[in-house]
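Engineer: mmCIF, N, CA and C atoms, saved as upload-v3.cif, coming up:
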data_input
#
loop_
_atom_site.label_atom_id
_atom_site.label_comp_id
_atom_site.auth_asym_id
_atom_site.auth_seq_id
_atom_site.Cartn_x
_atom_site.Cartn_y
_atom_site.Cartn_z
N MET C 1471 -50.18 154.90 175.13
CA MET C 1471 -49.60 154.20 176.29
C MET C 1471 -48.94 155.24 177.20
N ASN C 1472 -49.33 155.20 178.45
CA ASN C 1472 -48.73 156.07 179.46
C ASN C 1472 -47.77 155.25 180.31
N LYS C 1473 -46.50 155.63 180.30
CA LYS C 1473 -45.52 154.95 181.15
C LYS C 1473 -44.99 155.97 182.14
N LEU C 1474 -45.27 155.73 183.42
CA LEU C 1474 -44.77 156.64 184.44
C LEU C 1474 -43.36 156.27 184.88
N GLY C 1475 -42.90 155.11 184.47
CA GLY C 1475 -41.55 154.70 184.84
C GLY C 1475 -41.47 154.28 186.29
N GLU C 1476 -40.25 154.29 186.80
CA GLU C 1476 -40.00 153.77 188.15
C GLU C 1476 -40.67 154.62 189.21
N GLN C 1477 -41.40 153.95 190.10
CA GLN C 1477 -42.12 154.61 191.18
C GLN C 1477 -41.57 154.22 192.56
N VAL C 1478 -41.07 152.99 192.68
CA VAL C 1478 -40.65 152.48 193.98
C VAL C 1478 -39.37 151.66 193.81
N ARG C 1479 -38.48 151.79 194.80
CA ARG C 1479 -37.31 150.91 194.94
C ARG C 1479 -37.31 150.37 196.35
N ASP C 1480 -37.09 149.06 196.47
CA ASP C 1480 -37.06 148.45 197.79
C ASP C 1480 -36.19 147.20 197.74
N ARG C 1481 -35.13 147.20 198.51
CA ARG C 1481 -34.23 146.05 198.64
C ARG C 1481 -33.84 145.46 197.29
N GLY C 1482 -33.53 146.32 196.38
CA GLY C 1482 -33.06 145.88 195.07
C GLY C 1482 -34.14 145.76 194.01
N SER C 1483 -35.38 145.56 194.42
CA SER C 1483 -36.48 145.49 193.45
C SER C 1483 -36.88 146.89 193.03
N ARG C 1484 -37.30 146.99 191.77
CA ARG C 1484 -37.79 148.26 191.23
C ARG C 1484 -39.17 148.03 190.64
N TYR C 1485 -40.04 149.01 190.81
CA TYR C 1485 -41.42 148.93 190.32
C TYR C 1485 -41.70 150.12 189.42
N ALA C 1486 -42.40 149.86 188.32
CA ALA C 1486 -42.86 150.91 187.42
C ALA C 1486 -44.33 150.65 187.10
N VAL C 1487 -45.01 151.67 186.58
CA VAL C 1487 -46.42 151.51 186.23
C VAL C 1487 -46.67 152.11 184.85
N SER C 1488 -47.54 151.42 184.10
CA SER C 1488 -47.93 151.85 182.76
C SER C 1488 -49.42 151.58 182.59
N GLY C 1489 -50.01 152.20 181.60
CA GLY C 1489 -51.41 151.93 181.33
C GLY C 1489 -51.89 152.63 180.08
N GLY C 1490 -53.11 152.31 179.71
CA GLY C 1490 -53.71 152.96 178.56
C GLY C 1490 -55.04 152.33 178.21
N PRO C 1491 -55.79 153.01 177.34
CA PRO C 1491 -57.09 152.48 176.93
C PRO C 1491 -56.93 151.23 176.08
N VAL C 1492 -57.88 150.30 176.24
CA VAL C 1492 -57.87 149.05 175.46
C VAL C 1492 -59.30 148.71 175.05
N VAL C 1493 -59.41 147.91 173.99
CA VAL C 1493 -60.71 147.40 173.56
C VAL C 1493 -60.63 145.88 173.62
N GLY C 1494 -61.35 145.29 174.57
CA GLY C 1494 -61.41 143.84 174.70
C GLY C 1494 -60.11 143.21 175.17
N ARG C 1495 -60.18 141.89 175.36
CA ARG C 1495 -59.00 141.15 175.82
C ARG C 1495 -57.88 141.19 174.79
N ALA C 1496 -58.23 141.24 173.53
CA ALA C 1496 -57.20 141.34 172.48
C ALA C 1496 -56.42 142.65 172.64
N GLY C 1497 -57.11 143.70 173.05
CA GLY C 1497 -56.44 144.97 173.29
C GLY C 1497 -55.47 144.90 174.45
N VAL C 1498 -55.85 144.17 175.49
CA VAL C 1498 -54.95 143.97 176.64
C VAL C 1498 -53.70 143.24 176.19
N ASP C 1499 -53.88 142.15 175.45
CA ASP C 1499 -52.74 141.36 174.97
C ASP C 1499 -51.82 142.20 174.08
N ALA C 1500 -52.42 143.03 173.22
CA ALA C 1500 -51.62 143.89 172.34
C ALA C 1500 -50.85 144.93 173.17
N PHE C 1501 -51.49 145.47 174.21
CA PHE C 1501 -50.83 146.44 175.07
C PHE C 1501 -49.61 145.82 175.75
N LEU C 1502 -49.81 144.62 176.32
CA LEU C 1502 -48.69 143.95 177.00
C LEU C 1502 -47.56 143.63 176.03
N ALA C 1503 -47.90 143.19 174.81
CA ALA C 1503 -46.87 142.89 173.81
C ALA C 1503 -46.09 144.15 173.45
N GLU C 1504 -46.79 145.26 173.29
CA GLU C 1504 -46.14 146.53 172.95
C GLU C 1504 -45.21 146.98 174.08
N LEU C 1505 -45.67 146.86 175.32
CA LEU C 1505 -44.85 147.23 176.47
C LEU C 1505 -43.55 146.42 176.50
N LYS C 1506 -43.67 145.11 176.24
CA LYS C 1506 -42.51 144.22 176.32
C LYS C 1506 -41.57 144.36 175.13
N ARG C 1507 -41.97 145.12 174.11
CA ARG C 1507 -41.06 145.37 172.98
C ARG C 1507 -39.89 146.26 173.40
N GLU C 1508 -40.11 147.08 174.42
CA GLU C 1508 -39.03 147.92 174.92
C GLU C 1508 -38.10 147.04 175.76
N LYS C 1509 -36.83 147.05 175.42
CA LYS C 1509 -35.86 146.14 176.01
C LYS C 1509 -35.88 146.16 177.55
N LYS C 1510 -35.96 147.35 178.12
CA LYS C 1510 -35.98 147.48 179.58
C LYS C 1510 -37.14 146.69 180.17
N TYR C 1511 -38.33 146.82 179.57
CA TYR C 1511 -39.51 146.13 180.10
C TYR C 1511 -39.48 144.64 179.77
N ALA C 1512 -38.88 144.28 178.66
CA ALA C 1512 -38.77 142.87 178.29
C ALA C 1512 -37.95 142.09 179.32
N LYS C 1513 -37.00 142.77 179.97
CA LYS C 1513 -36.13 142.12 180.96
C LYS C 1513 -36.75 142.06 182.36
N ALA C 1514 -37.93 142.64 182.55
CA ALA C 1514 -38.57 142.66 183.87
C ALA C 1514 -38.99 141.25 184.29
N THR C 1515 -39.09 141.05 185.58
CA THR C 1515 -39.48 139.76 186.14
C THR C 1515 -40.98 139.54 186.08
N HIS C 1516 -41.76 140.57 186.39
CA HIS C 1516 -43.22 140.45 186.46
C HIS C 1516 -43.90 141.65 185.80
N HIS C 1517 -45.00 141.37 185.12
CA HIS C 1517 -45.89 142.40 184.57
C HIS C 1517 -47.30 142.06 185.07
N SER C 1518 -47.65 142.51 186.26
CA SER C 1518 -48.97 142.27 186.82
C SER C 1518 -49.91 143.33 186.27
N TRP C 1519 -51.14 142.92 185.93
CA TRP C 1519 -52.04 143.87 185.28
C TRP C 1519 -53.49 143.57 185.63
N ALA C 1520 -54.34 144.54 185.34
CA ALA C 1520 -55.79 144.35 185.49
C ALA C 1520 -56.51 145.39 184.65
N CYS C 1521 -57.78 145.08 184.33
CA CYS C 1521 -58.67 146.03 183.67
C CYS C 1521 -60.10 145.55 183.84
N VAL C 1522 -61.03 146.48 183.69
CA VAL C 1522 -62.45 146.16 183.70
C VAL C 1522 -62.95 146.49 182.30
N LEU C 1523 -63.32 145.44 181.55
CA LEU C 1523 -63.75 145.61 180.17
C LEU C 1523 -65.27 145.68 180.11
N THR C 1524 -65.81 146.61 179.34
CA THR C 1524 -67.26 146.71 179.24
C THR C 1524 -67.84 145.48 178.55
N ASP C 1525 -67.05 144.83 177.68
CA ASP C 1525 -67.56 143.65 176.99
C ASP C 1525 -66.98 142.34 177.51
N GLY C 1526 -66.19 142.40 178.60
CA GLY C 1526 -65.57 141.17 179.09
C GLY C 1526 -65.44 141.09 180.59
N GLY C 1527 -65.92 142.10 181.29
CA GLY C 1527 -65.85 142.10 182.75
C GLY C 1527 -64.44 142.28 183.27
N ALA C 1528 -64.25 141.88 184.52
CA ALA C 1528 -62.97 142.03 185.19
C ALA C 1528 -61.96 141.04 184.64
N GLN C 1529 -60.78 141.53 184.34
CA GLN C 1529 -59.68 140.71 183.84
C GLN C 1529 -58.44 141.06 184.64
N LYS C 1530 -57.60 140.07 184.92
CA LYS C 1530 -56.36 140.34 185.64
C LYS C 1530 -55.32 139.28 185.33
N GLY C 1531 -54.08 139.62 185.56
CA GLY C 1531 -52.99 138.68 185.41
C GLY C 1531 -51.90 138.99 186.41
N ASP C 1532 -51.43 137.96 187.11
CA ASP C 1532 -50.40 138.16 188.13
C ASP C 1532 -48.98 138.04 187.57
N ASP C 1533 -48.81 137.28 186.49
CA ASP C 1533 -47.49 137.06 185.89
C ASP C 1533 -46.47 136.63 186.96
N GLY C 1534 -46.87 135.71 187.82
CA GLY C 1534 -45.95 135.17 188.82
C GLY C 1534 -45.90 135.95 190.12
N GLU C 1535 -46.56 137.09 190.19
CA GLU C 1535 -46.58 137.92 191.40
C GLU C 1535 -47.95 137.72 192.06
N ALA C 1536 -48.11 136.57 192.73
CA ALA C 1536 -49.42 136.12 193.23
C ALA C 1536 -50.17 137.20 193.99
N GLY C 1537 -51.41 137.46 193.54
CA GLY C 1537 -52.28 138.41 194.21
C GLY C 1537 -52.18 139.84 193.72
N ALA C 1538 -51.15 140.16 192.95
CA ALA C 1538 -50.95 141.55 192.52
C ALA C 1538 -52.05 142.00 191.56
N GLY C 1539 -52.49 141.13 190.67
CA GLY C 1539 -53.54 141.50 189.73
C GLY C 1539 -54.84 141.86 190.44
N ALA C 1540 -55.16 141.12 191.50
CA ALA C 1540 -56.37 141.40 192.27
C ALA C 1540 -56.30 142.76 192.95
N VAL C 1541 -55.13 143.13 193.44
CA VAL C 1541 -54.95 144.44 194.08
C VAL C 1541 -55.20 145.55 193.06
N ILE C 1542 -54.62 145.40 191.88
CA ILE C 1542 -54.81 146.40 190.81
C ILE C 1542 -56.29 146.47 190.43
N LEU C 1543 -56.91 145.32 190.26
CA LEU C 1543 -58.32 145.27 189.85
C LEU C 1543 -59.22 145.98 190.84
N ARG C 1544 -59.04 145.74 192.13
CA ARG C 1544 -59.87 146.41 193.14
C ARG C 1544 -59.74 147.92 193.05
N MET C 1545 -58.53 148.40 192.81
CA MET C 1545 -58.31 149.85 192.72
C MET C 1545 -58.98 150.43 191.47
N LEU C 1546 -58.94 149.70 190.37
CA LEU C 1546 -59.59 150.18 189.15
C LEU C 1546 -61.11 150.19 189.31
N GLU C 1547 -61.63 149.18 189.97
CA GLU C 1547 -63.08 149.13 190.21
C GLU C 1547 -63.52 150.31 191.08
N ARG C 1548 -62.76 150.58 192.14
CA ARG C 1548 -63.09 151.73 193.01
C ARG C 1548 -63.03 153.04 192.25
N ALA C 1549 -62.08 153.17 191.33
CA ALA C 1549 -61.92 154.41 190.56
C ALA C 1549 -62.94 154.51 189.42
N GLY C 1550 -63.65 153.41 189.15
CA GLY C 1550 -64.63 153.41 188.06
C GLY C 1550 -63.99 153.49 186.68
N LEU C 1551 -62.79 152.98 186.56
CA LEU C 1551 -62.04 153.05 185.30
C LEU C 1551 -62.31 151.79 184.47
N THR C 1552 -62.90 151.95 183.30
CA THR C 1552 -63.20 150.82 182.44
C THR C 1552 -62.46 150.95 181.11
N ASP C 1553 -62.27 149.79 180.46
CA ASP C 1553 -61.59 149.72 179.16
C ASP C 1553 -60.24 150.42 179.19
N HIS C 1554 -59.51 150.21 180.28
CA HIS C 1554 -58.21 150.83 180.49
C HIS C 1554 -57.36 149.83 181.29
N VAL C 1555 -56.25 149.40 180.74
CA VAL C 1555 -55.39 148.45 181.45
C VAL C 1555 -54.33 149.20 182.24
N VAL C 1556 -54.02 148.69 183.42
CA VAL C 1556 -52.92 149.22 184.23
C VAL C 1556 -51.97 148.07 184.53
N VAL C 1557 -50.69 148.28 184.26
CA VAL C 1557 -49.66 147.25 184.41
C VAL C 1557 -48.62 147.74 185.41
N VAL C 1558 -48.37 146.93 186.44
CA VAL C 1558 -47.28 147.22 187.38
C VAL C 1558 -46.15 146.25 187.05
N THR C 1559 -45.02 146.81 186.69
CA THR C 1559 -43.85 146.03 186.29
C THR C 1559 -42.87 145.97 187.45
N ARG C 1560 -42.33 144.77 187.70
CA ARG C 1560 -41.33 144.61 188.77
C ARG C 1560 -40.08 143.95 188.22
N TRP C 1561 -38.97 144.57 188.55
CA TRP C 1561 -37.67 143.95 188.31
C TRP C 1561 -37.21 143.43 189.66
N TYR C 1562 -37.18 142.11 189.82
CA TYR C 1562 -36.87 141.48 191.10
C TYR C 1562 -35.41 141.74 191.47
N GLY C 1563 -35.22 142.14 192.73
CA GLY C 1563 -33.88 142.50 193.20
C GLY C 1563 -33.17 141.44 193.99
N GLY C 1564 -33.74 140.24 194.12
CA GLY C 1564 -33.06 139.15 194.81
C GLY C 1564 -33.48 138.95 196.25
N VAL C 1565 -34.32 139.83 196.79
CA VAL C 1565 -34.78 139.71 198.17
C VAL C 1565 -36.30 139.62 198.17
N HIS C 1566 -36.84 138.60 198.84
CA HIS C 1566 -38.30 138.48 198.96
C HIS C 1566 -38.83 139.62 199.82
N LEU C 1567 -39.87 140.28 199.34
CA LEU C 1567 -40.41 141.45 200.05
C LEU C 1567 -41.63 141.12 200.89
N GLY C 1568 -42.15 139.90 200.79
CA GLY C 1568 -43.33 139.53 201.56
C GLY C 1568 -44.50 140.44 201.22
N GLY C 1569 -45.25 140.83 202.24
CA GLY C 1569 -46.43 141.66 202.04
C GLY C 1569 -46.13 143.07 201.56
N ASP C 1570 -44.89 143.52 201.71
CA ASP C 1570 -44.52 144.87 201.26
C ASP C 1570 -44.75 145.02 199.76
N ARG C 1571 -44.68 143.92 199.01
CA ARG C 1571 -44.85 144.03 197.56
C ARG C 1571 -46.24 144.54 197.21
N PHE C 1572 -47.25 144.19 198.03
CA PHE C 1572 -48.60 144.69 197.76
C PHE C 1572 -48.69 146.20 197.99
N ALA C 1573 -48.01 146.68 199.02
CA ALA C 1573 -47.99 148.13 199.26
C ALA C 1573 -47.34 148.85 198.07
N HIS C 1574 -46.32 148.24 197.48
CA HIS C 1574 -45.65 148.86 196.34
C HIS C 1574 -46.56 148.87 195.10
N VAL C 1575 -47.34 147.82 194.93
CA VAL C 1575 -48.30 147.77 193.83
C VAL C 1575 -49.33 148.89 194.01
N VAL C 1576 -49.83 149.04 195.23
CA VAL C 1576 -50.81 150.10 195.53
C VAL C 1576 -50.20 151.47 195.24
N THR C 1577 -48.97 151.70 195.66
CA THR C 1577 -48.30 152.98 195.42
C THR C 1577 -48.22 153.27 193.92
N CYS C 1578 -47.87 152.27 193.14
CA CYS C 1578 -47.76 152.45 191.69
C CYS C 1578 -49.11 152.76 191.06
N VAL C 1579 -50.13 151.98 191.41
CA VAL C 1579 -51.46 152.19 190.81
C VAL C 1579 -52.01 153.55 191.23
N ARG C 1580 -51.81 153.93 192.48
CA ARG C 1580 -52.28 155.24 192.95
C ARG C 1580 -51.60 156.35 192.15
N ALA C 1581 -50.31 156.23 191.91
CA ALA C 1581 -49.58 157.24 191.12
C ALA C 1581 -50.16 157.32 189.72
N TYR C 1582 -50.48 156.17 189.14
CA TYR C 1582 -51.04 156.16 187.79
C TYR C 1582 -52.41 156.82 187.77
N LEU C 1583 -53.28 156.44 188.70
CA LEU C 1583 -54.63 157.01 188.74
C LEU C 1583 -54.56 158.53 188.98
N ASP C 1584 -53.64 158.96 189.83
CA ASP C 1584 -53.45 160.40 190.05
C ASP C 1584 -53.02 161.09 188.75
N ALA C 1585 -52.11 160.45 188.02
CA ALA C 1585 -51.58 161.05 186.80
C ALA C 1585 -52.65 161.22 185.71
N ILE C 1586 -53.63 160.32 185.71
CA ILE C 1586 -54.67 160.44 184.68
C ILE C 1586 -55.94 161.10 185.23
N GLY C 1587 -55.86 161.57 186.47
CA GLY C 1587 -56.98 162.29 187.06
C GLY C 1587 -58.14 161.42 187.48
N ARG C 1588 -57.86 160.14 187.83
CA ARG C 1588 -58.94 159.21 188.20
C ARG C 1588 -58.73 158.64 189.60
N ALA C 1589 -58.08 159.35 190.48
CA ALA C 1589 -57.84 158.83 191.82
C ALA C 1589 -59.17 158.44 192.47
N GLY C 1590 -59.19 157.21 193.00
CA GLY C 1590 -60.42 156.69 193.61
C GLY C 1590 -60.49 157.02 195.01
#
Translate the structure of the given file into structure tokens.
Structural biologist:
Amino acid sequence: MNKLGEQVRDRGSRYAVSGGPVVGRAGVDAFLAELKREKKYAKATHHSWACVLTDGGAQKGDDGEAGAGAVILRMLERAGLTDHVVVVTRWYGGVHLGGDRFAHVVTCVRAYLDAIGRAG
């Protein structure tokens, strides 16, 4: 599991990104459970994620952050990254960010892809 930690702060909200290789949807679920075992991540408001599985196709989850999973998924597809989940975690700061939240998701995923050498 690669955790890059906090990447963005905006109006009280904080965003972090994590990811790692997975096998099937069960692997995604296990990854998310492992991430949430850490107290800091367990207290987060949203864990939006996506992956492209060779045996299950495109998978995504918004976790209440509507549209965020689709943004992550498009970036993973462009990068050609398969069997690897990327999770953008948000701790809500009390202020609605509107469309800016998508830019923050993109910033996080781009940082992750850069860190693993898969920038699309």
Engineer: Mind giving me the straight-line distance from CA of Leu1523 in chain C to CA of Thr1552 in chain C in Å, one decimal?
Structural biologist: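 So the answer is 5.7 Å.
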Engineer: Between C:Asp1532, C:Arg1481, C:Arg1544, C:Gly1526, which is the closest to Arg1495 in chain C once you count only N, CA and C atoms?
Structural biologist: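 Selected residue with least distance to Arg1495 in chain C: C:Gly1526.
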Engineer: Nearest to Ala1500 in chain C: which of C:Asn1472, C:Ala1512, C:Val1555, C:Val1478 is it, counting only C-alpha atoms?
Structural biologist: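 With only C-alpha atoms as the atom set, the closest residue is C:Val1555.
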Engineer: What gap, in Å, lies between CA of Ala1581 in chain C and CA of Thr1559 in chain C?
Structural biologist: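 It comes out at 13.5 Å.
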Engineer: Around range 1536-1540 of chain C, fit a box with edges along x, y and z, padding it by 8 Å on each side, then list its centre and edge lengths in Å to one decimal as JSON.
Structural biologist:
{"center_x": -52.2, "center_y": 139.4, "center_z": 192.0, "size_x": 24.3, "size_y": 22.6, "size_z": 20.5}
Engineer: If you count only N, CA and C atoms, which residues fall within 8 Å of Leu1546 in chain C, apart from same-chain ones fewer than 3 positions away, as a ChimeraX atom specification?
Structural biologist: /C:1520-1522,1540-1543,1549-1552,1579,1590
Engineer: Next, write the just-selected residues to a file, as an mmCIF file, in the frame of the given file, keeping N, CA and C atoms as the atom set.
Structural biologist:
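Produced file again.cif, reproduced below:
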data_model
loop_
_atom_site.group_PDB
_atom_site.id
_atom_site.type_symbol
_atom_site.label_atom_id
_atom_site.label_comp_id
_atom_site.auth_asym_id
_atom_site.auth_seq_id
_atom_site.Cartn_x
_atom_site.Cartn_y
_atom_site.Cartn_z
ATOM 1 N N ALA C 1520 -54.340 144.540 185.340
ATOM 2 C CA ALA C 1520 -55.790 144.350 185.490
ATOM 3 C C ALA C 1520 -56.510 145.390 184.650
ATOM 4 N N CYS C 1521 -57.780 145.080 184.330
ATOM 5 C CA CYS C 1521 -58.670 146.030 183.670
ATOM 6 C C CYS C 1521 -60.100 145.550 183.840
ATOM 7 N N VAL C 1522 -61.030 146.480 183.690
ATOM 8 C CA VAL C 1522 -62.450 146.160 183.700
ATOM 9 C C VAL C 1522 -62.950 146.490 182.300
ATOM 10 N N ALA C 1540 -55.160 141.120 191.500
ATOM 11 C CA ALA C 1540 -56.370 141.400 192.270
ATOM 12 C C ALA C 1540 -56.300 142.760 192.950
ATOM 13 N N VAL C 1541 -55.130 143.130 193.440
ATOM 14 C CA VAL C 1541 -54.950 144.440 194.080
ATOM 15 C C VAL C 1541 -55.200 145.550 193.060
ATOM 16 N N ILE C 1542 -54.620 145.400 191.880
ATOM 17 C CA ILE C 1542 -54.810 146.400 190.810
ATOM 18 C C ILE C 1542 -56.290 146.470 190.430
ATOM 19 N N LEU C 1543 -56.910 145.320 190.260
ATOM 20 C CA LEU C 1543 -58.320 145.270 189.850
ATOM 21 C C LEU C 1543 -59.220 145.980 190.840
ATOM 22 N N ALA C 1549 -62.080 153.170 191.330
ATOM 23 C CA ALA C 1549 -61.920 154.410 190.560
ATOM 24 C C ALA C 1549 -62.940 154.510 189.420
ATOM 25 N N GLY C 1550 -63.650 153.410 189.150
ATOM 26 C CA GLY C 1550 -64.630 153.410 188.060
ATOM 27 C C GLY C 1550 -63.990 153.490 186.680
ATOM 28 N N LEU C 1551 -62.790 152.980 186.560
ATOM 29 C CA LEU C 1551 -62.040 153.050 185.300
ATOM 30 C C LEU C 1551 -62.310 151.790 184.470
ATOM 31 N N THR C 1552 -62.900 151.950 183.300
ATOM 32 C CA THR C 1552 -63.200 150.820 182.440
ATOM 33 C C THR C 1552 -62.460 150.950 181.110
ATOM 34 N N VAL C 1579 -50.130 151.980 191.410
ATOM 35 C CA VAL C 1579 -51.460 152.190 190.810
ATOM 36 C C VAL C 1579 -52.010 153.550 191.230
ATOM 37 N N GLY C 1590 -59.190 157.210 193.000
ATOM 38 C CA GLY C 1590 -60.420 156.690 193.610
ATOM 39 C C GLY C 1590 -60.490 157.020 195.010
#
Engineer: Contacts of Gly1482 in chain C at 6 Å or less, counting all atoms listed in the file, minus same-chain residues fewer than 4 places along, as a list in words?
Structural biologist: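 Here the answer would be Trp1561, Tyr1562, Gly1563 and Gly1564 of chain C.
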